[in-house]
>>> print(open('input25.pdb').read())   # PDB, C-alpha atoms, pLDDT in the B column
ATOM      1  CA  MET A   1     -18.688 -37.792 104.304  1.00 95.00           C
ATOM      2  CA  LYS A   2     -20.388 -35.475 101.862  1.00 95.00           C
ATOM      3  CA  VAL A   3     -18.565 -34.953  98.583  1.00 96.00           C
ATOM      4  CA  ASP A   4     -19.588 -32.278  96.110  1.00 96.00           C
ATOM      5  CA  VAL A   5     -18.493 -33.224  92.600  1.00 98.00           C
ATOM      6  CA  ARG A   6     -18.257 -30.492  89.995  1.00 98.00           C
ATOM      7  CA  LEU A   7     -19.238 -31.417  86.456  1.00 98.00           C
ATOM      8  CA  PHE A   8     -18.041 -29.719  83.284  1.00 98.00           C
ATOM      9  CA  ALA A   9     -18.756 -29.689  79.555  1.00 97.00           C
ATOM     10  CA  VAL A  10     -20.327 -32.923  78.316  1.00 96.00           C
ATOM     11  CA  ALA A  11     -20.507 -34.315  81.862  1.00 97.00           C
ATOM     12  CA  ARG A  12     -22.584 -31.346  82.955  1.00 97.00           C
ATOM     13  CA  ASP A  13     -24.835 -31.601  79.914  1.00 96.00           C
ATOM     14  CA  LEU A  14     -25.413 -35.327  80.428  1.00 95.00           C
ATOM     15  CA  ALA A  15     -26.111 -34.879  84.146  1.00 96.00           C
ATOM     16  CA  GLY A  16     -28.254 -31.805  83.645  1.00 96.00           C
ATOM     17  CA  SER A  17     -26.450 -30.122  86.543  1.00 97.00           C
ATOM     18  CA  ASP A  18     -23.060 -28.573  87.233  1.00 97.00           C
ATOM     19  CA  PHE A  19     -22.548 -30.526  90.443  1.00 96.00           C
ATOM     20  CA  ILE A  20     -23.788 -33.513  92.395  1.00 97.00           C
ATOM     21  CA  SER A  21     -23.581 -34.105  96.146  1.00 96.00           C
ATOM     22  CA  LEU A  22     -22.742 -37.663  97.154  1.00 96.00           C
ATOM     23  CA  GLU A  23     -22.604 -39.252 100.591  1.00 95.00           C
ATOM     24  CA  LEU A  24     -19.589 -41.583 100.658  1.00 96.00           C
ATOM     25  CA  PRO A  25     -17.979 -43.582 103.460  1.00 96.00           C
ATOM     26  CA  ALA A  26     -14.938 -41.840 104.949  1.00 96.00           C
ATOM     27  CA  GLY A  27     -11.782 -43.084 103.247  1.00 96.00           C
ATOM     28  CA  SER A  28     -13.505 -43.778  99.927  1.00 97.00           C
ATOM     29  CA  THR A  29     -11.333 -44.049  96.853  1.00 98.00           C
ATOM     30  CA  VAL A  30     -11.758 -42.437  93.469  1.00 98.00           C
ATOM     31  CA  ALA A  31     -12.818 -45.835  92.079  1.00 98.00           C
ATOM     32  CA  GLN A  32     -15.631 -45.959  94.620  1.00 97.00           C
ATOM     33  CA  LEU A  33     -16.608 -42.423  93.678  1.00 98.00           C
ATOM     34  CA  ARG A  34     -16.781 -43.464  90.030  1.00 97.00           C
ATOM     35  CA  ALA A  35     -19.049 -46.369  90.865  1.00 97.00           C
ATOM     36  CA  ARG A  36     -21.371 -44.071  92.785  1.00 97.00           C
ATOM     37  CA  LEU A  37     -21.402 -41.523  89.971  1.00 97.00           C
ATOM     38  CA  SER A  38     -22.403 -44.238  87.501  1.00 96.00           C
ATOM     39  CA  ALA A  39     -25.187 -45.406  89.787  1.00 96.00           C
ATOM     40  CA  GLU A  40     -26.488 -41.922  90.583  1.00 96.00           C
ATOM     41  CA  ILE A  41     -26.234 -40.560  87.041  1.00 96.00           C
ATOM     42  CA  PRO A  42     -26.708 -43.434  84.582  1.00 96.00           C
ATOM     43  CA  ALA A  43     -26.312 -40.988  81.671  1.00 95.00           C
ATOM     44  CA  LEU A  44     -22.682 -40.515  82.731  1.00 95.00           C
ATOM     45  CA  ALA A  45     -21.800 -44.215  82.750  1.00 93.00           C
ATOM     46  CA  GLY A  46     -20.808 -44.351  79.090  1.00 92.00           C
ATOM     47  CA  VAL A  47     -18.354 -41.461  79.271  1.00 95.00           C
ATOM     48  CA  LEU A  48     -16.945 -42.008  82.770  1.00 96.00           C
ATOM     49  CA  PRO A  49     -14.101 -44.260  81.574  1.00 95.00           C
ATOM     50  CA  HIS A  50     -12.860 -41.259  79.550  1.00 96.00           C
ATOM     51  CA  ILE A  51     -13.239 -38.794  82.405  1.00 97.00           C
ATOM     52  CA  LEU A  52     -10.388 -37.925  84.746  1.00 98.00           C
ATOM     53  CA  ILE A  53     -11.088 -37.113  88.368  1.00 98.00           C
ATOM     54  CA  ALA A  54      -9.466 -34.123  90.036  1.00 98.00           C
ATOM     55  CA  VAL A  55      -9.184 -33.704  93.792  1.00 98.00           C
ATOM     56  CA  GLY A  56      -8.043 -30.322  95.043  1.00 97.00           C
ATOM     57  CA  SER A  57      -7.359 -29.235  91.446  1.00 97.00           C
ATOM     58  CA  ASP A  58      -4.933 -32.095  90.736  1.00 98.00           C
ATOM     59  CA  TYR A  59      -5.550 -35.199  88.642  1.00 98.00           C
ATOM     60  CA  VAL A  60      -5.665 -38.333  90.778  1.00 98.00           C
ATOM     61  CA  ARG A  61      -5.610 -42.069  90.110  1.00 98.00           C
ATOM     62  CA  ASP A  62      -8.462 -44.433  90.853  1.00 98.00           C
ATOM     63  CA  ASP A  63      -6.736 -45.834  93.957  1.00 98.00           C
ATOM     64  CA  ALA A  64      -6.380 -42.382  95.565  1.00 98.00           C
ATOM     65  CA  ILE A  65      -8.321 -41.785  98.752  1.00 98.00           C
ATOM     66  CA  ILE A  66     -10.560 -38.733  98.767  1.00 98.00           C
ATOM     67  CA  PRO A  67      -9.831 -36.543 101.810  1.00 97.00           C
ATOM     68  CA  ALA A  68     -12.897 -35.228 103.610  1.00 94.00           C
ATOM     69  CA  GLY A  69     -13.817 -31.725 102.564  1.00 92.00           C
ATOM     70  CA  SER A  70     -11.812 -31.775  99.340  1.00 94.00           C
ATOM     71  CA  GLU A  71     -13.071 -30.336  96.085  1.00 95.00           C
ATOM     72  CA  VAL A  72     -13.722 -33.036  93.515  1.00 98.00           C
ATOM     73  CA  ALA A  73     -14.355 -32.580  89.796  1.00 98.00           C
ATOM     74  CA  CYS A  74     -15.078 -34.631  86.694  1.00 98.00           C
ATOM     75  CA  ILE A  75     -12.721 -33.603  83.898  1.00 98.00           C
ATOM     76  CA  PRO A  76     -13.760 -34.822  80.435  1.00 98.00           C
ATOM     77  CA  PRO A  77     -10.975 -34.876  77.800  1.00 97.00           C
ATOM     78  CA  VAL A  78      -9.796 -31.285  77.530  1.00 98.00           C
ATOM     79  CA  SER A  79      -9.882 -29.223  74.346  1.00 97.00           C
ATOM     80  CA  GLY A  80      -8.459 -25.826  75.159  1.00 97.00           C
ATOM     81  CA  GLY A  81      -6.070 -23.967  72.939  1.00 95.00           C
TER      82      GLY A  81
ATOM     83  CA  MET B   1       1.958 -14.251  84.199  1.00 95.00           C
ATOM     84  CA  VAL B   2      -1.036 -16.422  83.453  1.00 98.00           C
ATOM     85  CA  GLU B   3      -4.591 -15.263  82.920  1.00 98.00           C
ATOM     86  CA  ILE B   4      -8.002 -16.610  81.991  1.00 98.00           C
ATOM     87  CA  THR B   5     -10.214 -13.910  80.581  1.00 98.00           C
ATOM     88  CA  THR B   6     -13.417 -13.290  78.678  1.00 98.00           C
ATOM     89  CA  ALA B   7     -11.874 -10.227  77.024  1.00 98.00           C
ATOM     90  CA  PRO B   8     -10.141 -10.218  73.622  1.00 98.00           C
ATOM     91  CA  ILE B   9      -6.434 -11.000  73.940  1.00 98.00           C
ATOM     92  CA  ASP B  10      -4.238  -7.911  73.631  1.00 97.00           C
ATOM     93  CA  THR B  11      -0.954  -9.092  72.117  1.00 97.00           C
ATOM     94  CA  GLU B  12       0.743  -5.706  72.574  1.00 97.00           C
ATOM     95  CA  VAL B  13       0.275  -6.005  76.316  1.00 97.00           C
ATOM     96  CA  LEU B  14       1.692  -9.553  76.267  1.00 97.00           C
ATOM     97  CA  LEU B  15       4.746  -8.534  74.289  1.00 98.00           C
ATOM     98  CA  ARG B  16       5.430  -5.700  76.713  1.00 97.00           C
ATOM     99  CA  GLN B  17       5.066  -8.093  79.649  1.00 98.00           C
ATOM    100  CA  VAL B  18       7.662 -10.553  78.352  1.00 98.00           C
ATOM    101  CA  GLY B  19      10.066  -7.887  77.159  1.00 97.00           C
ATOM    102  CA  SER B  20      13.403  -7.769  78.950  1.00 97.00           C
ATOM    103  CA  PRO B  21      16.837  -6.229  78.401  1.00 97.00           C
ATOM    104  CA  GLN B  22      18.225  -9.768  78.820  1.00 97.00           C
ATOM    105  CA  ALA B  23      16.035 -11.140  76.002  1.00 97.00           C
ATOM    106  CA  GLY B  24      17.400 -11.726  72.534  1.00 98.00           C
ATOM    107  CA  ALA B  25      14.268 -13.476  71.287  1.00 98.00           C
ATOM    108  CA  VAL B  26      10.520 -13.237  71.776  1.00 98.00           C
ATOM    109  CA  VAL B  27       8.159 -15.922  70.471  1.00 98.00           C
ATOM    110  CA  LEU B  28       4.424 -15.272  70.432  1.00 98.00           C
ATOM    111  CA  PHE B  29       2.025 -18.117  69.638  1.00 98.00           C
ATOM    112  CA  LEU B  30      -1.648 -17.433  68.987  1.00 98.00           C
ATOM    113  CA  GLY B  31      -4.272 -20.134  68.684  1.00 98.00           C
ATOM    114  CA  THR B  32      -7.138 -18.843  66.564  1.00 97.00           C
ATOM    115  CA  THR B  33     -10.618 -20.174  65.933  1.00 96.00           C
ATOM    116  CA  ARG B  34     -10.798 -22.043  62.639  1.00 95.00           C
ATOM    117  CA  GLU B  35     -13.748 -21.960  60.278  1.00 95.00           C
ATOM    118  CA  PHE B  36     -13.439 -25.441  58.780  1.00 95.00           C
ATOM    119  CA  THR B  37     -12.613 -28.660  60.655  1.00 91.00           C
ATOM    120  CA  ARG B  38     -12.445 -31.804  58.532  1.00 90.00           C
ATOM    121  CA  GLY B  39     -14.620 -30.085  55.958  1.00 93.00           C
ATOM    122  CA  ARG B  40     -17.370 -29.033  58.360  1.00 94.00           C
ATOM    123  CA  GLN B  41     -18.066 -25.340  58.812  1.00 96.00           C
ATOM    124  CA  THR B  42     -17.962 -23.762  62.260  1.00 96.00           C
ATOM    125  CA  GLY B  43     -20.104 -20.711  62.968  1.00 96.00           C
ATOM    126  CA  SER B  44     -18.645 -19.813  66.354  1.00 97.00           C
ATOM    127  CA  LEU B  45     -17.121 -21.407  69.457  1.00 97.00           C
ATOM    128  CA  ASP B  46     -17.765 -21.310  73.173  1.00 98.00           C
ATOM    129  CA  TYR B  47     -14.996 -22.038  75.669  1.00 98.00           C
ATOM    130  CA  GLU B  48     -15.450 -22.918  79.307  1.00 98.00           C
ATOM    131  CA  CYS B  49     -13.027 -23.877  82.031  1.00 98.00           C
ATOM    132  CA  TYR B  50     -12.747 -25.138  85.579  1.00 98.00           C
ATOM    133  CA  PRO B  51     -11.463 -21.771  86.764  1.00 98.00           C
ATOM    134  CA  GLU B  52      -9.547 -22.692  89.930  1.00 97.00           C
ATOM    135  CA  MET B  53      -7.850 -25.735  88.416  1.00 98.00           C
ATOM    136  CA  ALA B  54      -7.145 -24.113  85.044  1.00 98.00           C
ATOM    137  CA  GLN B  55      -5.444 -21.189  86.800  1.00 98.00           C
ATOM    138  CA  LYS B  56      -3.398 -23.574  88.947  1.00 98.00           C
ATOM    139  CA  LYS B  57      -2.352 -25.755  86.006  1.00 98.00           C
ATOM    140  CA  LEU B  58      -1.357 -22.727  83.924  1.00 98.00           C
ATOM    141  CA  GLU B  59       0.768 -21.448  86.820  1.00 98.00           C
ATOM    142  CA  GLU B  60       2.417 -24.866  87.118  1.00 98.00           C
ATOM    143  CA  LEU B  61       3.180 -24.866  83.387  1.00 98.00           C
ATOM    144  CA  GLU B  62       4.805 -21.464  83.681  1.00 98.00           C
ATOM    145  CA  GLN B  63       6.903 -22.631  86.649  1.00 98.00           C
ATOM    146  CA  GLN B  64       7.945 -25.812  84.843  1.00 98.00           C
ATOM    147  CA  ALA B  65       8.961 -23.857  81.759  1.00 98.00           C
ATOM    148  CA  GLN B  66      10.902 -21.407  83.922  1.00 97.00           C
ATOM    149  CA  ALA B  67      12.762 -24.340  85.487  1.00 96.00           C
ATOM    150  CA  ARG B  68      13.520 -26.043  82.173  1.00 97.00           C
ATOM    151  CA  TRP B  69      14.546 -23.071  80.045  1.00 97.00           C
ATOM    152  CA  LEU B  70      16.101 -19.795  81.129  1.00 91.00           C
ATOM    153  CA  LEU B  71      13.105 -17.625  80.381  1.00 97.00           C
ATOM    154  CA  THR B  72      13.398 -13.884  80.724  1.00 98.00           C
ATOM    155  CA  GLY B  73       9.628 -13.541  80.345  1.00 98.00           C
ATOM    156  CA  CYS B  74       6.560 -15.776  80.093  1.00 98.00           C
ATOM    157  CA  ALA B  75       2.879 -14.979  79.611  1.00 98.00           C
ATOM    158  CA  ILE B  76      -0.013 -17.357  78.935  1.00 98.00           C
ATOM    159  CA  VAL B  77      -3.547 -16.092  78.350  1.00 98.00           C
ATOM    160  CA  HIS B  78      -6.573 -18.218  77.534  1.00 98.00           C
ATOM    161  CA  ARG B  79      -9.841 -16.653  76.542  1.00 98.00           C
ATOM    162  CA  ILE B  80     -13.143 -18.255  77.494  1.00 98.00           C
ATOM    163  CA  GLY B  81     -16.735 -17.490  76.604  1.00 98.00           C
ATOM    164  CA  HIS B  82     -18.071 -16.888  73.115  1.00 98.00           C
ATOM    165  CA  LEU B  83     -15.616 -16.456  70.230  1.00 98.00           C
ATOM    166  CA  GLU B  84     -16.211 -15.726  66.600  1.00 97.00           C
ATOM    167  CA  ILE B  85     -14.167 -17.223  63.767  1.00 97.00           C
ATOM    168  CA  GLY B  86     -10.633 -15.848  63.479  1.00 96.00           C
ATOM    169  CA  GLU B  87     -10.344 -14.615  67.051  1.00 97.00           C
ATOM    170  CA  ALA B  88      -7.434 -15.646  69.285  1.00 98.00           C
ATOM    171  CA  SER B  89      -8.486 -18.150  71.947  1.00 98.00           C
ATOM    172  CA  VAL B  90      -5.039 -18.600  73.455  1.00 98.00           C
ATOM    173  CA  ALA B  91      -1.726 -16.772  73.503  1.00 98.00           C
ATOM    174  CA  VAL B  92       1.677 -17.951  74.704  1.00 98.00           C
ATOM    175  CA  ALA B  93       4.524 -15.447  74.773  1.00 98.00           C
ATOM    176  CA  VAL B  94       8.032 -16.242  75.946  1.00 98.00           C
ATOM    177  CA  SER B  95      11.305 -14.385  75.837  1.00 98.00           C
ATOM    178  CA  THR B  96      14.785 -15.857  76.217  1.00 98.00           C
ATOM    179  CA  PRO B  97      18.372 -14.752  75.641  1.00 98.00           C
ATOM    180  CA  HIS B  98      18.579 -16.881  72.454  1.00 97.00           C
ATOM    181  CA  ARG B  99      15.875 -17.940  69.994  1.00 98.00           C
ATOM    182  CA  GLN B 100      16.083 -21.744  70.174  1.00 98.00           C
ATOM    183  CA  ALA B 101      14.929 -21.827  73.791  1.00 98.00           C
ATOM    184  CA  ALA B 102      12.084 -19.424  73.022  1.00 98.00           C
ATOM    185  CA  PHE B 103      10.744 -21.669  70.235  1.00 98.00           C
ATOM    186  CA  GLU B 104      11.149 -24.806  72.360  1.00 98.00           C
ATOM    187  CA  ALA B 105       9.530 -23.330  75.452  1.00 98.00           C
ATOM    188  CA  GLY B 106       6.663 -21.830  73.468  1.00 98.00           C
ATOM    189  CA  GLN B 107       5.928 -25.127  71.730  1.00 98.00           C
ATOM    190  CA  TRP B 108       6.125 -27.120  74.955  1.00 98.00           C
ATOM    191  CA  LEU B 109       3.803 -24.681  76.720  1.00 98.00           C
ATOM    192  CA  ILE B 110       1.041 -24.760  74.105  1.00 98.00           C
ATOM    193  CA  ASP B 111       1.340 -28.533  73.557  1.00 98.00           C
ATOM    194  CA  THR B 112       1.150 -29.267  77.284  1.00 98.00           C
ATOM    195  CA  LEU B 113      -1.629 -26.731  77.862  1.00 98.00           C
ATOM    196  CA  LYS B 114      -3.740 -28.547  75.275  1.00 98.00           C
ATOM    197  CA  GLN B 115      -3.137 -31.869  77.021  1.00 98.00           C
ATOM    198  CA  ILE B 116      -3.772 -31.043  80.657  1.00 98.00           C
ATOM    199  CA  VAL B 117      -5.412 -27.693  81.384  1.00 98.00           C
ATOM    200  CA  PRO B 118      -9.150 -28.120  82.082  1.00 98.00           C
ATOM    201  CA  ILE B 119     -10.570 -25.933  79.349  1.00 98.00           C
ATOM    202  CA  TRP B 120     -13.150 -27.129  76.828  1.00 98.00           C
ATOM    203  CA  LYS B 121     -14.480 -25.802  73.581  1.00 97.00           C
ATOM    204  CA  LYS B 122     -17.851 -26.293  72.031  1.00 97.00           C
ATOM    205  CA  GLU B 123     -18.205 -26.084  68.277  1.00 96.00           C
ATOM    206  CA  ASN B 124     -21.313 -24.247  67.184  1.00 97.00           C
ATOM    207  CA  TRP B 125     -21.521 -25.676  63.682  1.00 96.00           C
ATOM    208  CA  ALA B 126     -22.839 -23.468  60.906  1.00 95.00           C
ATOM    209  CA  ASP B 127     -25.672 -25.965  60.326  1.00 95.00           C
ATOM    210  CA  GLY B 128     -27.090 -25.255  63.800  1.00 94.00           C
ATOM    211  CA  GLU B 129     -25.774 -28.198  65.811  1.00 95.00           C
ATOM    212  CA  SER B 130     -23.480 -27.673  68.790  1.00 95.00           C
ATOM    213  CA  GLN B 131     -20.958 -30.192  70.071  1.00 94.00           C
ATOM    214  CA  TRP B 132     -18.421 -30.347  72.869  1.00 96.00           C
ATOM    215  CA  VAL B 133     -14.941 -31.239  71.663  1.00 96.00           C
ATOM    216  CA  HIS B 134     -13.567 -34.067  73.797  1.00 95.00           C
ATOM    217  CA  PRO B 135     -10.643 -35.801  72.062  1.00 94.00           C
ATOM    218  CA  GLY B 136     -11.054 -39.565  72.131  1.00 92.00           C
ATOM    219  CA  LEU B 137     -14.699 -39.313  73.106  1.00 90.00           C
ATOM    220  CA  ASP B 138     -17.543 -39.477  70.605  1.00 82.00           C
ATOM    221  CA  VAL B 139     -19.959 -36.799  71.791  1.00 80.00           C
ATOM    222  CA  SER B 140     -23.461 -36.531  70.404  1.00 77.00           C
ATOM    223  CA  PRO B 141     -24.325 -33.147  68.975  1.00 75.00           C
ATOM    224  CA  THR B 142     -27.075 -31.105  70.569  1.00 72.00           C
ATOM    225  CA  LEU B 143     -29.436 -28.669  68.999  1.00 62.00           C
ATOM    226  CA  PRO B 144     -28.995 -24.975  69.803  1.00 54.00           C
ATOM    227  CA  ALA B 145     -30.541 -23.066  72.714  1.00 49.00           C
ATOM    228  CA  THR B 146     -29.597 -25.641  75.347  1.00 46.00           C
ATOM    229  CA  GLY B 147     -27.301 -23.146  77.094  1.00 45.00           C
ATOM    230  CA  SER B 148     -23.606 -23.084  76.483  1.00 44.00           C
ATOM    231  CA  GLY B 149     -22.053 -22.195  79.821  1.00 43.00           C
ATOM    232  CA  ASN B 150     -18.791 -20.335  79.905  1.00 44.00           C
TER     233      ASN B 150
END
>>> encode(input="input25.pdb", output="structure tokens")
Amino acid sequence: MKVDVRLFAVARDLAGSDFISLELPAGSTVAQLRARLSAEIPALAGVLPHILIAVGSDYVRDDAIIPAGSEVACIPPVSGG
Amino acid sequence: MVEITTAPIDTEVLLRQVGSPQAGAVVLFLGTTREFTRGRQTGSLDYECYPEMAQKKLEELEQQAQARWLLTGCAIVHRIGHLEIGEASVAVAVSTPHRQAAFEAGQWLIDTLKQIVPIWKKENWADGESQWVHPGLDVSPTLPATGSGN
């Protein structure tokens, strides 16, 4: 399945793009997504442990399965307010 | 009512929105852009958000506050884009029948917003460097003119 991952703030700057399209096996978990992100964008590897993953605008754990067609995003530590 | 906007925050509008004949207290919190952080001078700030998720999380915060305290009014506005020093970046207004709940709800809302809502600020330091603020993450500064996003 194709997964478009949106990138924000420092993640976007490090990647040089505001999204990346990944081809993942159906039923992939967030942990597998993280591994692919590290491999595809080595510049992200150092900050990924600090980045939360959102699926469908909710934070999810690493063992969550990514439903096909869902919107996925990398959320670096937030600093609003 | 929750809103993410690039426009300056109009506190008069917020206070009208949370006003109610049942309210005996209105608390308005404003977060404003600070010139000095740990001794270093800020020239300006840029805020960006993940719009769909930030809107959803703000709405959830409002609903959770409504469930936890008996609010007679609630409004949360976060500004994004470019802000100069001293401008309000965020406003939380709540009204309740009695003041203790208004203070508690207002504090909970701003504290929780800062922990979970996907909004980020970039410090444009007065010395020319710019730097995303990511608590717990040591982010290298960048030189200006790399594009700030919004």
>>> axis_aligned_box(input="input25.pdb", around="segment 41-45 of chain B", padding_each_side="6 Å", output="JSON")
{"center_x": -18.6, "center_y": -22.6, "center_z": 64.1, "size_x": 15.0, "size_y": 17.5, "size_z": 22.6}
>>> closest_residue(input="input25.pdb", among="B:Val139, B:Leu71, B:Ile116, B:Ile80", to="Ser20 of chain B", atoms="only C-alpha atoms")
B:Leu71
>>> resolve_selection(input="input25.pdb", expression="the PyMOL selection byres ((chain A) within 6 of (chain B))", output="number ranges by chain")
A: 57, 77-81
>>> write_last_selection(input="input25.pdb", atoms="C-alpha atoms", output="PDB file, in the frame of the given file")
ATOM      1  CA  SER A  57      -7.359 -29.235  91.446  1.00 97.00           C
ATOM      2  CA  PRO A  77     -10.975 -34.876  77.800  1.00 97.00           C
ATOM      3  CA  VAL A  78      -9.796 -31.285  77.530  1.00 98.00           C
ATOM      4  CA  SER A  79      -9.882 -29.223  74.346  1.00 97.00           C
ATOM      5  CA  GLY A  80      -8.459 -25.826  75.159  1.00 97.00           C
ATOM      6  CA  GLY A  81      -6.070 -23.967  72.939  1.00 95.00           C
TER       7      GLY A  81
END
>>> atom_distance(input="input25.pdb", atom1="atom CA of Glu123 of chain B", atom2="atom CA of Asp46 of chain B")
6.9 Å
>>> atom_distance(input="input25.pdb", atom1="atom CA of Ile53 of chain A", atom2="atom CA of Ser130 of chain B")
25.0 Å
>>> residues_near_point(input="input25.pdb", point="(-12.2, -30.4, 94.6)", cutoff="12 Å", atoms="only C-alpha atoms", output="list in words")
Val3, Asp4, Val5, Arg6, Leu7, Phe19, Ile53, Ala54, Val55, Gly56, Ser57, Asp58, Tyr59, Val60, Ile66, Pro67, Ala68, Gly69, Ser70, Glu71, Val72, Ala73, Cys74 and Ile75 of chain A; Tyr50, Pro51, Glu52 and Met53 of chain B
>>> closest_residue(input="input25.pdb", among="B:Leu28, B:Ala101, B:Leu70, B:Leu14", to="Val2 of chain B", atoms="only C-alpha atoms")
B:Leu14
>>> resolve_selection(input="input25.pdb", expression="the PyMOL selection byres ((chain B and resi 34) around 12)", output="NGL selection string")
(:A and (81)) or (:B and (31-33 or 35-45 or 83-89 or 123-125))
>>> residues_around(input="input25.pdb", residues="Asp62 of chain A", least_positions_apart="6", cutoff="8 Å", atoms="only C-alpha atoms", output="MDAnalysis selection string")
chainID A and resid 29:31
>>> closest_residue(input="input25.pdb", among="A:Leu44, A:Ile51, A:Ala9, A:Leu37", to="Ser21 of chain A", atoms="all atoms listed in the file")
A:Leu37
>>> atom_distance(input="input25.pdb", atom1="atom CA of Pro141 of chain B", atom2="atom CA of Leu22 of chain A")
28.6 Å
>>> resolve_selection(input="input25.pdb", expression="the PyMOL selection byres ((chain A and resi 15) around 7)", output="list in words")
Ala11, Arg12, Asp13, Leu14, Gly16, Ser17, Ile41, Ala43 and Leu44 of chain A
